[in-house]
file entry_1.txt (compact mmCIF, C-alpha atoms)
# COMPACT_ATOMS: atom_id res chain seq x y z
CA MET A 1 40.37 -24.75 19.81
CA ILE A 2 37.81 -24.77 22.60
CA PHE A 3 40.15 -22.60 24.62
CA ARG A 4 40.37 -20.06 21.83
CA LEU A 5 36.59 -20.00 21.40
CA THR A 6 36.21 -19.42 25.14
CA ILE A 7 38.64 -16.52 25.00
CA PHE A 8 36.68 -14.96 22.13
CA GLY A 9 33.47 -15.45 24.09
CA LEU A 10 34.97 -13.72 27.12
CA ILE A 11 36.30 -10.80 25.10
CA THR A 12 33.00 -10.14 23.30
CA SER A 13 31.01 -10.46 26.55
CA LEU A 14 33.36 -8.03 28.25
CA PHE A 15 32.85 -5.59 25.37
CA VAL A 16 29.06 -5.82 25.56
CA GLY A 17 29.29 -5.54 29.35
CA ILE A 18 31.21 -2.27 29.14
CA ILE A 19 28.71 -0.75 26.70
CA TYR A 20 25.86 -1.96 28.92
CA VAL A 21 27.29 -0.31 32.02
CA ILE A 22 27.88 2.95 30.14
CA THR A 23 24.42 3.11 28.55
CA ARG A 24 22.40 1.83 31.51
CA PRO A 25 21.72 5.18 33.21
CA LEU A 26 20.86 6.77 29.85
CA ILE A 27 18.48 3.95 28.94
CA PHE A 28 16.83 4.16 32.34
CA GLU A 29 16.33 7.88 31.80
CA SER A 30 14.81 7.51 28.33
CA LYS A 31 12.50 4.74 29.54
CA GLU A 32 11.37 6.87 32.44
CA GLN A 33 10.81 9.78 30.06
CA ALA A 34 8.70 7.62 27.71
CA ARG A 35 6.74 6.25 30.67
CA LEU A 36 6.00 9.73 31.97
CA GLU A 37 4.82 10.91 28.55
CA GLN A 38 2.46 7.95 28.35
CA LEU A 39 1.32 8.60 31.90
CA TYR A 40 0.44 12.22 31.16
CA ALA A 41 -1.35 11.27 27.94
CA LEU A 42 -3.33 8.63 29.83
CA ALA A 43 -4.27 10.83 32.74
CA LYS A 44 -5.33 13.74 30.53
CA PRO A 45 -9.10 13.30 31.08
CA LEU A 46 -8.48 13.16 34.83
CA LEU A 47 -6.21 16.19 34.85
CA ALA A 48 -9.19 18.42 34.12
CA ASN A 49 -10.17 17.90 37.74
CA GLY A 50 -6.86 17.50 39.45
CA ASP A 51 -3.09 17.28 39.38
CA ILE A 52 -0.60 14.47 39.38
CA GLN A 53 0.80 13.80 42.86
CA ALA A 54 4.20 12.31 43.35
CA SER A 55 4.15 8.59 42.69
CA ILE A 56 4.33 6.37 45.74
CA ARG A 57 6.02 3.01 45.87
CA GLN A 58 4.29 0.47 48.00
CA ILE A 59 4.80 -3.17 48.84
CA LEU A 60 1.88 -5.33 47.83
CA PRO A 61 0.46 -7.85 50.32
CA LEU A 62 0.91 -11.54 49.61
CA GLY A 63 -1.71 -12.91 47.28
CA ALA A 64 -1.42 -10.15 44.71
CA PRO A 65 -1.64 -11.52 41.16
CA PRO A 66 1.57 -11.87 39.09
CA THR A 67 0.34 -9.03 36.85
CA LEU A 68 1.25 -6.56 39.59
CA THR A 69 4.89 -6.25 40.57
CA SER A 70 5.83 -5.39 44.10
CA PRO A 71 6.86 -2.75 45.04
CA ILE A 72 4.33 -1.05 42.80
CA GLU A 73 4.51 2.58 41.74
CA VAL A 74 1.04 4.07 42.02
CA THR A 75 0.40 7.63 40.83
CA ALA A 76 -2.55 9.49 42.30
CA ILE A 77 -4.39 12.38 40.63
CA THR A 78 -5.89 14.62 43.28
CA ASN A 79 -7.50 18.02 43.68
CA ALA A 80 -7.94 20.05 46.88
CA THR A 81 -10.69 17.87 48.29
CA ALA A 82 -10.37 14.34 46.96
CA GLN A 83 -8.53 11.85 44.82
CA VAL A 84 -10.04 11.85 41.31
CA GLY A 85 -8.09 8.98 39.83
CA THR A 86 -5.06 6.73 39.79
CA VAL A 87 -2.52 5.50 37.27
CA ILE A 88 -1.16 2.04 37.96
CA PRO A 89 1.30 -0.15 36.05
CA PHE A 90 0.57 -3.79 35.31
CA ARG A 91 2.04 -6.43 33.04
CA SER A 92 1.55 -9.76 31.37
CA THR A 93 4.10 -12.52 31.04
CA GLU A 94 1.83 -14.62 28.82
CA GLY A 95 2.57 -12.75 25.59
CA TYR A 96 4.18 -14.30 22.55
CA SER A 97 7.65 -13.07 23.49
CA GLY A 98 8.80 -11.24 26.57
CA THR A 99 6.84 -9.27 29.12
CA ILE A 100 4.15 -6.81 28.04
CA HIS A 101 4.31 -3.72 30.24
CA MET A 102 1.16 -1.63 30.51
CA LEU A 103 -0.20 1.42 32.29
CA MET A 104 -3.83 1.86 33.29
CA ALA A 105 -5.64 4.99 34.43
CA LEU A 106 -8.70 4.51 36.63
CA ASP A 107 -11.12 7.15 37.89
CA ASP A 108 -12.40 7.43 41.46
CA ARG A 109 -15.03 4.76 40.84
CA GLN A 110 -12.48 2.36 39.30
CA ARG A 111 -13.71 2.90 35.79
CA ILE A 112 -11.03 2.55 33.10
CA VAL A 113 -10.00 5.93 31.75
CA GLY A 114 -7.41 4.44 29.46
CA ILE A 115 -4.83 1.69 28.99
CA ARG A 116 -1.53 1.87 27.09
CA VAL A 117 1.11 -0.70 26.29
CA ILE A 118 4.42 0.98 27.14
CA ASP A 119 6.86 -1.80 26.26
CA HIS A 120 6.47 -5.07 24.40
CA LYS A 121 8.26 -7.43 22.00
CA GLU A 122 5.24 -8.91 20.22
CA THR A 123 5.36 -9.85 16.54
CA PRO A 124 5.34 -6.83 14.20
CA GLY A 125 2.24 -6.75 12.01
CA LEU A 126 0.38 -9.29 14.16
CA GLY A 127 0.64 -8.96 17.93
CA ASP A 128 1.76 -5.35 17.95
CA LYS A 129 -1.78 -4.13 17.31
CA ILE A 130 -2.06 -3.81 21.09
CA ASP A 131 0.15 -0.73 20.62
CA ILE A 132 -1.83 2.51 20.23
CA ARG A 133 0.51 3.56 17.40
CA LYS A 134 -0.56 0.53 15.35
CA SER A 135 -4.27 0.19 16.10
CA ASP A 136 -6.87 1.54 18.50
CA TRP A 137 -7.71 -1.93 19.80
CA ILE A 138 -6.61 -0.89 23.29
CA LEU A 139 -9.29 1.83 23.41
CA GLN A 140 -12.19 -0.62 23.61
CA PHE A 141 -11.73 -0.97 27.38
CA ASN A 142 -12.31 2.71 28.07
CA GLY A 143 -15.24 3.45 30.35
CA LEU A 144 -15.59 -0.09 31.69
CA SER A 145 -15.23 -1.12 35.29
CA TYR A 146 -14.78 -4.64 36.60
CA GLY A 147 -18.38 -4.95 37.78
CA ASP A 148 -19.83 -3.98 34.37
CA LEU A 149 -19.12 -7.41 32.93
CA SER A 150 -19.29 -10.91 34.33
CA PRO A 151 -15.84 -12.50 34.90
CA SER A 152 -16.34 -14.81 31.90
CA ASP A 153 -16.97 -11.78 29.67
CA TRP A 154 -13.55 -10.37 30.59
CA ALA A 155 -11.82 -12.50 27.94
CA VAL A 156 -11.13 -12.47 24.20
CA ASP A 157 -13.95 -13.65 21.92
CA LYS A 158 -12.11 -16.91 21.17
CA ASP A 159 -12.34 -17.75 24.87
CA GLY A 160 -16.02 -16.82 25.00
CA GLY A 161 -15.41 -13.26 26.16
CA ARG A 162 -16.41 -9.86 24.87
CA PHE A 163 -13.18 -8.53 23.37
CA ASP A 164 -11.80 -8.80 19.84
CA SER A 165 -8.79 -10.98 19.22
CA PHE A 166 -7.05 -10.15 15.97
CA THR A 167 -6.78 -12.67 13.18
CA GLY A 168 -3.56 -14.65 13.24
CA ALA A 169 -2.52 -13.58 16.70
CA THR A 170 -4.68 -14.66 19.61
CA ILE A 171 -1.94 -15.08 22.17
CA THR A 172 -1.14 -11.38 22.47
CA PRO A 173 -4.67 -9.96 23.00
CA ARG A 174 -5.45 -12.91 25.26
CA ALA A 175 -2.41 -12.06 27.39
CA VAL A 176 -3.50 -8.42 27.67
CA VAL A 177 -7.17 -9.15 28.45
CA ASN A 178 -6.36 -11.88 30.97
CA ALA A 179 -3.85 -9.65 32.77
CA LEU A 180 -6.43 -6.88 32.81
CA ARG A 181 -9.10 -9.17 34.29
CA GLU A 182 -6.81 -10.43 37.04
CA THR A 183 -5.64 -6.93 37.87
CA LEU A 184 -9.12 -5.40 37.98
CA ASN A 185 -10.45 -8.33 39.97
CA TYR A 186 -7.73 -7.86 42.56
CA LEU A 187 -8.12 -4.08 42.73
CA ASP A 188 -11.88 -4.50 43.06
CA ALA A 189 -11.32 -6.59 46.20
CA ASN A 190 -8.42 -4.45 47.47
CA PRO A 191 -9.27 -0.81 46.67
CA GLN A 192 -6.92 0.44 49.40
CA ILE A 193 -4.01 -0.05 46.96
CA LEU A 194 -5.38 2.77 44.80
CA GLU A 195 -6.13 5.11 47.68
CA MET A 196 -3.41 7.50 48.60
CA LYS A 197 -3.12 8.76 52.15
CA GLN A 198 -2.62 12.49 52.09
CA MET B 1 42.06 0.22 -8.21
CA LYS B 2 40.89 -2.21 -5.58
CA VAL B 3 39.40 0.62 -3.57
CA MET B 4 37.43 1.70 -6.62
CA SER B 5 36.07 -1.77 -7.28
CA VAL B 6 35.06 -2.21 -3.63
CA TRP B 7 32.99 0.97 -3.85
CA LEU B 8 31.49 0.00 -7.21
CA ASP B 9 30.61 -3.48 -5.96
CA GLY B 10 28.84 -2.19 -2.86
CA LEU B 11 26.97 0.66 -4.45
CA TRP B 12 26.12 -0.74 -7.85
CA ASP B 13 27.63 -3.87 -9.45
CA ARG B 14 26.97 -6.23 -6.56
CA ASN B 15 24.58 -4.11 -4.50
CA PRO B 16 23.37 -6.16 -1.49
CA GLY B 17 19.74 -5.07 -1.90
CA LEU B 18 19.42 -5.27 -5.68
CA ILE B 19 21.84 -8.00 -6.85
CA GLN B 20 22.87 -10.17 -3.91
CA LEU B 21 19.35 -9.80 -2.47
CA LEU B 22 20.69 -10.22 1.05
CA GLY B 23 18.92 -8.95 4.16
CA LEU B 24 15.52 -8.94 2.49
CA CYS B 25 13.58 -9.37 5.72
CA PRO B 26 14.50 -6.01 7.27
CA LEU B 27 14.63 -4.41 3.82
CA LEU B 28 10.98 -5.23 3.18
CA ALA B 29 9.68 -4.90 6.72
CA VAL B 30 11.22 -1.63 7.88
CA SER B 31 10.98 0.34 4.63
CA ASN B 32 7.46 1.64 5.27
CA THR B 33 8.69 5.12 6.27
CA ILE B 34 11.88 7.05 5.57
CA ASP B 35 12.56 7.57 9.29
CA ASN B 36 12.57 3.86 10.04
CA ALA B 37 14.62 3.15 6.92
CA VAL B 38 17.28 5.70 7.91
CA GLY B 39 17.43 4.38 11.46
CA LEU B 40 17.80 0.73 10.51
CA GLY B 41 20.14 1.60 7.64
CA LEU B 42 22.53 3.46 9.93
CA ALA B 43 22.42 0.70 12.54
CA THR B 44 23.22 -1.85 9.83
CA ILE B 45 26.14 0.21 8.52
CA PHE B 46 27.45 0.51 12.10
CA VAL B 47 27.34 -3.25 12.67
CA LEU B 48 28.66 -4.12 9.21
CA VAL B 49 31.67 -1.77 9.30
CA LEU B 50 32.71 -2.83 12.80
CA SER B 51 32.12 -6.54 12.16
CA ASN B 52 34.15 -6.45 8.93
CA ALA B 53 36.93 -4.54 10.69
CA SER B 54 37.08 -6.78 13.75
CA ILE B 55 36.82 -10.00 11.76
CA SER B 56 39.64 -8.86 9.51
CA LEU B 57 41.64 -7.96 12.61
CA ILE B 58 41.31 -11.46 14.11
CA ARG B 59 41.47 -13.36 10.82
CA HIS B 60 44.84 -14.98 11.58
CA LEU B 61 43.74 -16.12 15.05
CA VAL B 62 40.61 -17.94 13.92
CA GLU B 63 41.04 -21.46 12.62
CA ASP B 64 38.47 -22.93 10.26
CA ALA B 65 36.70 -25.14 12.80
CA ILE B 66 35.65 -22.25 15.04
CA ARG B 67 35.26 -19.69 12.28
CA LEU B 68 31.47 -19.51 12.15
CA PRO B 69 30.85 -19.47 15.93
CA VAL B 70 33.41 -16.69 16.35
CA PHE B 71 31.90 -14.63 13.51
CA VAL B 72 28.41 -15.03 14.94
CA LEU B 73 29.73 -14.10 18.37
CA VAL B 74 31.30 -10.90 17.04
CA ILE B 75 28.20 -9.92 15.04
CA ALA B 76 25.85 -10.64 17.95
CA ALA B 77 27.98 -8.57 20.34
CA LEU B 78 28.05 -5.63 17.93
CA THR B 79 24.31 -5.82 17.33
CA THR B 80 23.64 -5.84 21.06
CA CYS B 81 25.83 -2.75 21.41
CA ALA B 82 23.97 -1.00 18.58
CA GLU B 83 20.68 -1.84 20.29
CA LEU B 84 21.87 -0.48 23.65
CA LEU B 85 23.20 2.71 22.07
CA ILE B 86 20.03 3.45 20.12
CA GLN B 87 17.98 2.71 23.22
CA ALA B 88 20.09 5.20 25.15
CA PHE B 89 20.19 8.02 22.60
CA ASP B 90 17.01 7.68 20.52
CA TYR B 91 14.34 5.83 22.47
CA PRO B 92 11.45 6.63 20.08
CA LEU B 93 13.45 5.17 17.19
CA TYR B 94 14.20 2.09 19.32
CA GLN B 95 10.49 1.69 19.94
CA SER B 96 9.50 2.05 16.31
CA LEU B 97 12.18 -0.34 15.02
CA GLY B 98 11.13 -2.90 17.62
CA ILE B 99 12.22 -6.45 16.94
CA PHE B 100 14.06 -5.56 13.70
CA LEU B 101 16.92 -3.98 15.61
CA PRO B 102 18.07 -7.19 17.36
CA LEU B 103 17.29 -9.03 14.12
CA ILE B 104 20.23 -7.26 12.43
CA VAL B 105 22.18 -10.20 13.78
CA THR B 106 20.39 -12.47 11.31
CA ASN B 107 20.95 -10.16 8.34
CA CYS B 108 22.77 -12.50 5.94
CA LEU B 109 24.59 -9.52 4.46
CA ILE B 110 26.75 -9.17 7.56
CA LEU B 111 27.81 -12.82 7.90
CA GLY B 112 28.04 -12.91 4.11
CA ARG B 113 30.61 -10.12 3.95
CA ALA B 114 32.56 -11.68 6.83
CA GLU B 115 32.73 -14.99 4.98
CA ALA B 116 33.27 -13.66 1.49
CA LEU B 117 35.74 -10.90 2.16
CA ALA B 118 36.70 -9.85 5.67
CA ARG B 119 38.33 -13.16 6.61
CA ARG B 120 40.79 -12.84 3.73
CA GLU B 121 41.44 -9.15 3.26
CA SER B 122 43.38 -6.51 5.13
CA ILE B 123 41.61 -4.39 7.72
CA GLY B 124 41.56 -1.33 5.46
CA ILE B 125 39.87 -3.06 2.54
CA SER B 126 37.47 -4.89 4.88
CA THR B 127 36.38 -1.72 6.64
CA LEU B 128 35.91 -0.01 3.30
CA ASP B 129 33.90 -2.95 2.01
CA GLY B 130 31.68 -2.81 5.11
CA LEU B 131 31.09 0.87 4.46
CA ALA B 132 30.41 0.40 0.73
CA GLN B 133 28.10 -2.58 1.17
CA GLY B 134 26.37 -0.94 4.12
CA LEU B 135 25.87 2.24 2.14
CA GLY B 136 24.53 0.25 -0.81
CA PHE B 137 22.03 -1.44 1.50
CA PHE B 138 21.20 1.90 3.14
CA LEU B 139 20.50 3.58 -0.22
CA VAL B 140 18.16 0.80 -1.35
CA LEU B 141 16.46 0.88 2.04
CA ILE B 142 15.77 4.62 1.91
CA SER B 143 14.76 4.56 -1.79
CA LEU B 144 12.25 1.88 -0.91
CA GLY B 145 11.18 3.85 2.17
CA ALA B 146 10.76 7.03 0.14
CA VAL B 147 8.79 5.33 -2.65
CA ARG B 148 6.51 3.61 -0.16
CA GLU B 149 5.99 6.66 2.04
CA TRP B 150 5.15 8.94 -0.88
CA THR B 151 2.87 6.54 -2.70
CA SER B 152 1.07 5.18 0.35
CA ALA B 153 -1.00 8.39 0.59
CA THR B 154 -2.69 7.61 -2.73
CA LEU B 155 -2.04 3.86 -2.97
CA ILE B 156 -2.68 2.24 0.38
CA LEU B 157 -1.13 -1.04 -0.83
CA ALA B 158 2.32 0.57 -0.69
CA ALA B 159 2.19 0.69 3.08
CA PHE B 160 1.66 -3.07 3.39
CA PRO B 161 4.08 -6.00 2.84
CA PRO B 162 2.85 -6.77 -0.74
CA GLY B 163 3.62 -3.17 -1.65
CA ALA B 164 7.17 -3.66 -0.38
CA PHE B 165 7.66 -6.69 -2.64
CA ILE B 166 6.29 -4.88 -5.68
CA ALA B 167 8.35 -1.75 -5.04
CA LEU B 168 11.54 -3.79 -4.55
CA GLY B 169 10.76 -5.74 -7.73
CA LEU B 170 10.48 -2.49 -9.66
CA LEU B 171 13.76 -1.22 -8.23
CA VAL B 172 15.53 -4.47 -9.16
CA ALA B 173 14.06 -4.25 -12.67
CA LEU B 174 15.24 -0.66 -13.04
CA HIS B 175 18.73 -1.66 -11.90
CA GLN B 176 18.79 -4.53 -14.42
CA LEU B 177 17.63 -2.24 -17.19
CA ILE B 178 20.37 0.31 -16.57
CA GLN B 179 22.91 -2.47 -16.14
CA SER B 180 22.04 -4.09 -19.47
CA LYS B 181 22.17 -0.73 -21.27
CA LEU B 182 25.61 -0.11 -19.79
CA LYS B 183 26.81 -3.58 -20.75
CA HIS B 184 25.50 -3.11 -24.26
CA ARG B 185 27.39 0.11 -24.66
CA ARG B 186 30.56 -1.36 -23.18
CA ALA B 187 30.33 -4.34 -25.53
CA LYS B 188 30.03 -2.02 -28.51
CA VAL B 189 33.12 -0.10 -27.49
CA ILE B 190 35.09 -3.32 -27.15
CA GLN B 191 33.78 -4.56 -30.49
CA ASN B 192 34.82 -1.39 -32.24
CA SER B 193 38.32 -1.59 -30.86
CA LYS B 194 38.64 -5.21 -31.94
CA ASP B 195 37.36 -4.69 -35.47
CA ARG B 196 40.67 -5.18 -37.17
CA ARG B 197 41.46 -8.45 -35.45
CA VAL B 198 40.60 -11.60 -37.31
CA ARG B 199 39.64 -14.56 -35.22
CA THR B 200 41.22 -17.87 -36.18
CA THR B 201 40.26 -21.40 -35.09
CA GLY B 202 40.82 -22.90 -31.69
CA ASP B 203 39.85 -21.88 -28.15
CA ILE B 204 40.88 -18.41 -27.35
CA PRO B 205 40.44 -17.63 -23.67
call {"tool": "encode", "arguments": {"input": "entry_1.txt", "output": "structure tokens"}}
result
Amino acid sequence: MIFRLTIFGLITSLFVGIIYVITRPLIFESKEQARLEQLYALAKPLLANGDIQASIRQILPLGAPPTLTSPIEVTAITNATAQVGTVIPFRSTEGYSGTIHMLMALDDRQRIVGIRVIDHKETPGLGDKIDIRKSDWILQFNGLSYGDLSPSDWAVDKDGGRFDSFTGATITPRAVVNALRETLNYLDANPQILEMKQ
Amino acid sequence: MKVMSVWLDGLWDRNPGLIQLLGLCPLLAVSNTIDNAVGLGLATIFVLVLSNASISLIRHLVEDAIRLPVFVLVIAALTTCAELLIQAFDYPLYQSLGIFLPLIVTNCLILGRAEALARRESIGISTLDGLAQGLGFFLVLISLGAVREWTSATLILAAFPPGAFIALGLLVALHQLIQSKLKHRRAKVIQNSKDRRVRTTGDIP
């Protein structure tokens, strides 16, 4: 009986494995496509003054917060004379389910141009309001830089901060805001990560 | 004859969305637009047809004690495959269906058909039943999606969960109404044909 169940387990896993291997390159491509679309949409205000340079992968020094994965893929927006902005990915593992992947565009003075959630598995109807397609909650960060607010203000209102948390789902906005604070704090102290050698 | 009744059951007489009321969670949650409804409906048909077929195929190999774990294993594997395929070929749809795609695995309709039919019937009938039931579910899903999408422009409630409940309730009521009219007519026909018989005492089955 147990033997038979094991055999069935092996057969179904093998089946899923085959489909996984076949679809993996296609999925990678579609994800990359979706990421690029988001990236262009995010960088639009910056593109008035410059163009997107090839993204550069770099290894982060020890001590980087867990919201930044190493190696990190930083995209610079430059014109003939200077770098006008940067798009950088960050993430939160403190969401309600799974990792929340985000992209952030910063201008040359580290002001937020825009933030988008590119992949998440938060609860539909509650936590998914962080998604621009569901609500414009994510737009409230635009124009801010880390120094504009005190560190304790970089939190959701339930934690004494300045940002809305939606009714019924505090965990998701808290995860996003906390990840944002840690990331901005780190970039504020380590601006060389955003600067691209030309 | 059997083929006919399988189709009738799935599409009308025992429609999963209107009579068996199975799989209500995705039915109510993902019916806010026609696009989402079509996407989830097709994914459900895919899983249901293949799960019915494969469970019928292995029905003689599965003893009672391990029946449920094996069924769940098969359904979970098929759902994962559906998720991977949609992710590969229609990423925007994958993103808009979100968590409801992996949740197909918990759609009672699929385990229900495996238990009620596929573990007893031949592979042909089981596959057909998966198709008929899946199509029945799909049709209810897109009707609901269409009603909600069209009315939500004027009646904002239709876009929200309460609107889904009300719209489904109306559809179920409509189905019952038509069903009772049909039954009424059928009863009349039978009565007319039996007019000359005289019933005597005793239990007549």
call {"tool": "closest_residue", "arguments": {"input": "entry_1.txt", "among": "B:Ile190, B:Gly134, B:Ala116, B:Val140", "to": "His175 (chain B)", "atoms": "all atoms listed in the file"}}
result
B:Val140
call {"tool": "interface_residues", "arguments": {"input": "entry_1.txt", "of": "chain A", "to": "chain B", "cutoff": "8 Å", "atoms": "only C-alpha atoms", "output": "list in words"}}
result
Met1, Leu5, Phe8, Gly9, Thr12, Ser13, Phe15, Val16, Ile19, Tyr20, Thr23, Arg24, Leu26, Ile27, Phe28, Ser30, Lys31, Ala34, Lys121, Thr123 and Pro124 of chain A
call {"tool": "closest_residue", "arguments": {"input": "entry_1.txt", "among": "B:Phe138, B:Tyr94, B:Trp150, B:Phe165", "to": "Leu11 (chain B)", "atoms": "all atoms listed in the file"}}
result
B:Phe138
call {"tool": "closest_residue", "arguments": {"input": "entry_1.txt", "among": "B:Leu8, B:Ala167, B:Ile110, B:Val3", "to": "Ser51 (chain B)", "atoms": "all atoms listed in the file"}}
result
B:Ile110
call {"tool": "closest_residue", "arguments": {"input": "entry_1.txt", "among": "A:Gln38, A:Asn178, A:Thr167, A:Ser135", "to": "Ile88 (chain A)", "atoms": "all atoms listed in the file"}}
result
A:Gln38
call {"tool": "closest_atom_pairs", "arguments": {"input": "entry_1.txt", "of": "region 138-160 of chain B", "to": "region 40-47 of chain B", "cutoff": "12 Å", "atoms": "all atoms listed in the file", "output": "tab-separated table"}}
result
residue	atom	partner	partner_atom	distance
B:Phe138	CA	B:Gly41	CA	4.6
B:Leu139	CA	B:Gly41	CA	8.1
B:Val140	CA	B:Gly41	CA	9.2
B:Leu141	CA	B:Gly41	CA	6.7
B:Ile142	CA	B:Gly41	CA	7.8
B:Ser143	CA	B:Gly41	CA	11.3
B:Leu144	CA	B:Gly41	CA	11.6
B:Gly145	CA	B:Gly41	CA	10.7
call {"tool": "closest_residue", "arguments": {"input": "entry_1.txt", "among": "A:Ala169, A:Ile193, A:Ser92, A:Leu180", "to": "Ile72 (chain A)", "atoms": "all atoms listed in the file"}}
result
A:Ile193
call {"tool": "residues_around", "arguments": {"input": "entry_1.txt", "residues": "region 143-158 of chain A", "least_positions_apart": "4", "cutoff": "8 Å", "atoms": "all atoms listed in the file", "output": "ChimeraX atom specification"}}
result
/A:110-114,162-165,170,173-174,177-178,181,184-185,188
call {"tool": "closest_residue", "arguments": {"input": "entry_1.txt", "among": "A:Asp51, A:Asp131, A:Glu182, A:Asp107", "to": "Thr81 (chain A)", "atoms": "only C-alpha atoms"}}
result
A:Asp51
call {"tool": "residues_around", "arguments": {"input": "entry_1.txt", "residues": "Ala114 (chain B)", "least_positions_apart": "5", "cutoff": "12 Å", "atoms": "all atoms listed in the file", "output": "PyMOL selection string"}}
result
chain B and resi 47-59+67-68+70-72+74-75+107-109+119-121+123+126-127+129-130+133
call {"tool": "write_last_selection", "arguments": {"input": "entry_1.txt", "atoms": "C-alpha atoms", "output": "tab-separated table (two decimals), keeping the file's coordinate frame"}}
result
chain	number	residue	atom	x	y	z
B	47	VAL	CA	27.34	-3.25	12.67
B	48	LEU	CA	28.66	-4.12	9.21
B	49	VAL	CA	31.67	-1.77	9.30
B	50	LEU	CA	32.71	-2.83	12.80
B	51	SER	CA	32.12	-6.54	12.16
B	52	ASN	CA	34.15	-6.45	8.93
B	53	ALA	CA	36.93	-4.54	10.69
B	54	SER	CA	37.08	-6.78	13.75
B	55	ILE	CA	36.82	-10.00	11.76
B	56	SER	CA	39.64	-8.86	9.51
B	57	LEU	CA	41.64	-7.96	12.61
B	58	ILE	CA	41.31	-11.46	14.11
B	59	ARG	CA	41.47	-13.36	10.82
B	67	ARG	CA	35.26	-19.69	12.28
B	68	LEU	CA	31.47	-19.51	12.15
B	70	VAL	CA	33.41	-16.69	16.35
B	71	PHE	CA	31.90	-14.63	13.51
B	72	VAL	CA	28.41	-15.03	14.94
B	74	VAL	CA	31.30	-10.90	17.04
B	75	ILE	CA	28.20	-9.92	15.04
B	107	ASN	CA	20.95	-10.16	8.34
B	108	CYS	CA	22.77	-12.50	5.94
B	109	LEU	CA	24.59	-9.52	4.46
B	119	ARG	CA	38.33	-13.16	6.61
B	120	ARG	CA	40.79	-12.84	3.73
B	121	GLU	CA	41.44	-9.15	3.26
B	123	ILE	CA	41.61	-4.39	7.72
B	126	SER	CA	37.47	-4.89	4.88
B	127	THR	CA	36.38	-1.72	6.64
B	129	ASP	CA	33.90	-2.95	2.01
B	130	GLY	CA	31.68	-2.81	5.11
B	133	GLN	CA	28.10	-2.58	1.17
call {"tool": "build_atoms", "arguments": {"input": "entry_1.txt", "residues": "region 103-114 of chain A", "atoms": "N, CA and C atoms", "output": "short mmCIF file (atom, residue, chain, number, x, y, z; two decimals), in the coordinates of the input"}}
result
data_model
loop_
_atom_site.label_atom_id
_atom_site.label_comp_id
_atom_site.auth_asym_id
_atom_site.auth_seq_id
_atom_site.Cartn_x
_atom_site.Cartn_y
_atom_site.Cartn_z
N LEU A 103 0.23 0.44 31.30
CA LEU A 103 -0.20 1.42 32.29
C LEU A 103 -1.71 1.55 32.17
N MET A 104 -2.37 1.73 33.31
CA MET A 104 -3.83 1.86 33.29
C MET A 104 -4.22 3.05 34.16
N ALA A 105 -5.11 3.89 33.63
CA ALA A 105 -5.64 4.99 34.43
C ALA A 105 -7.07 4.65 34.83
N LEU A 106 -7.36 4.79 36.12
CA LEU A 106 -8.70 4.51 36.63
C LEU A 106 -9.25 5.77 37.28
N ASP A 107 -10.57 5.99 37.19
CA ASP A 107 -11.12 7.15 37.89
C ASP A 107 -11.51 6.77 39.31
N ASP A 108 -12.15 7.69 40.04
CA ASP A 108 -12.40 7.43 41.46
C ASP A 108 -13.42 6.31 41.70
N ARG A 109 -14.13 5.91 40.65
CA ARG A 109 -15.03 4.76 40.84
C ARG A 109 -14.48 3.50 40.14
N GLN A 110 -13.17 3.49 39.93
CA GLN A 110 -12.48 2.36 39.30
C GLN A 110 -12.98 2.05 37.90
N ARG A 111 -13.42 3.09 37.21
CA ARG A 111 -13.71 2.90 35.79
C ARG A 111 -12.43 3.16 35.00
N ILE A 112 -12.25 2.39 33.90
CA ILE A 112 -11.03 2.55 33.10
C ILE A 112 -11.09 3.84 32.31
N VAL A 113 -10.11 4.70 32.53
CA VAL A 113 -10.00 5.93 31.75
C VAL A 113 -9.19 5.67 30.49
N GLY A 114 -8.21 4.79 30.61
CA GLY A 114 -7.41 4.44 29.46
C GLY A 114 -6.35 3.42 29.81
#
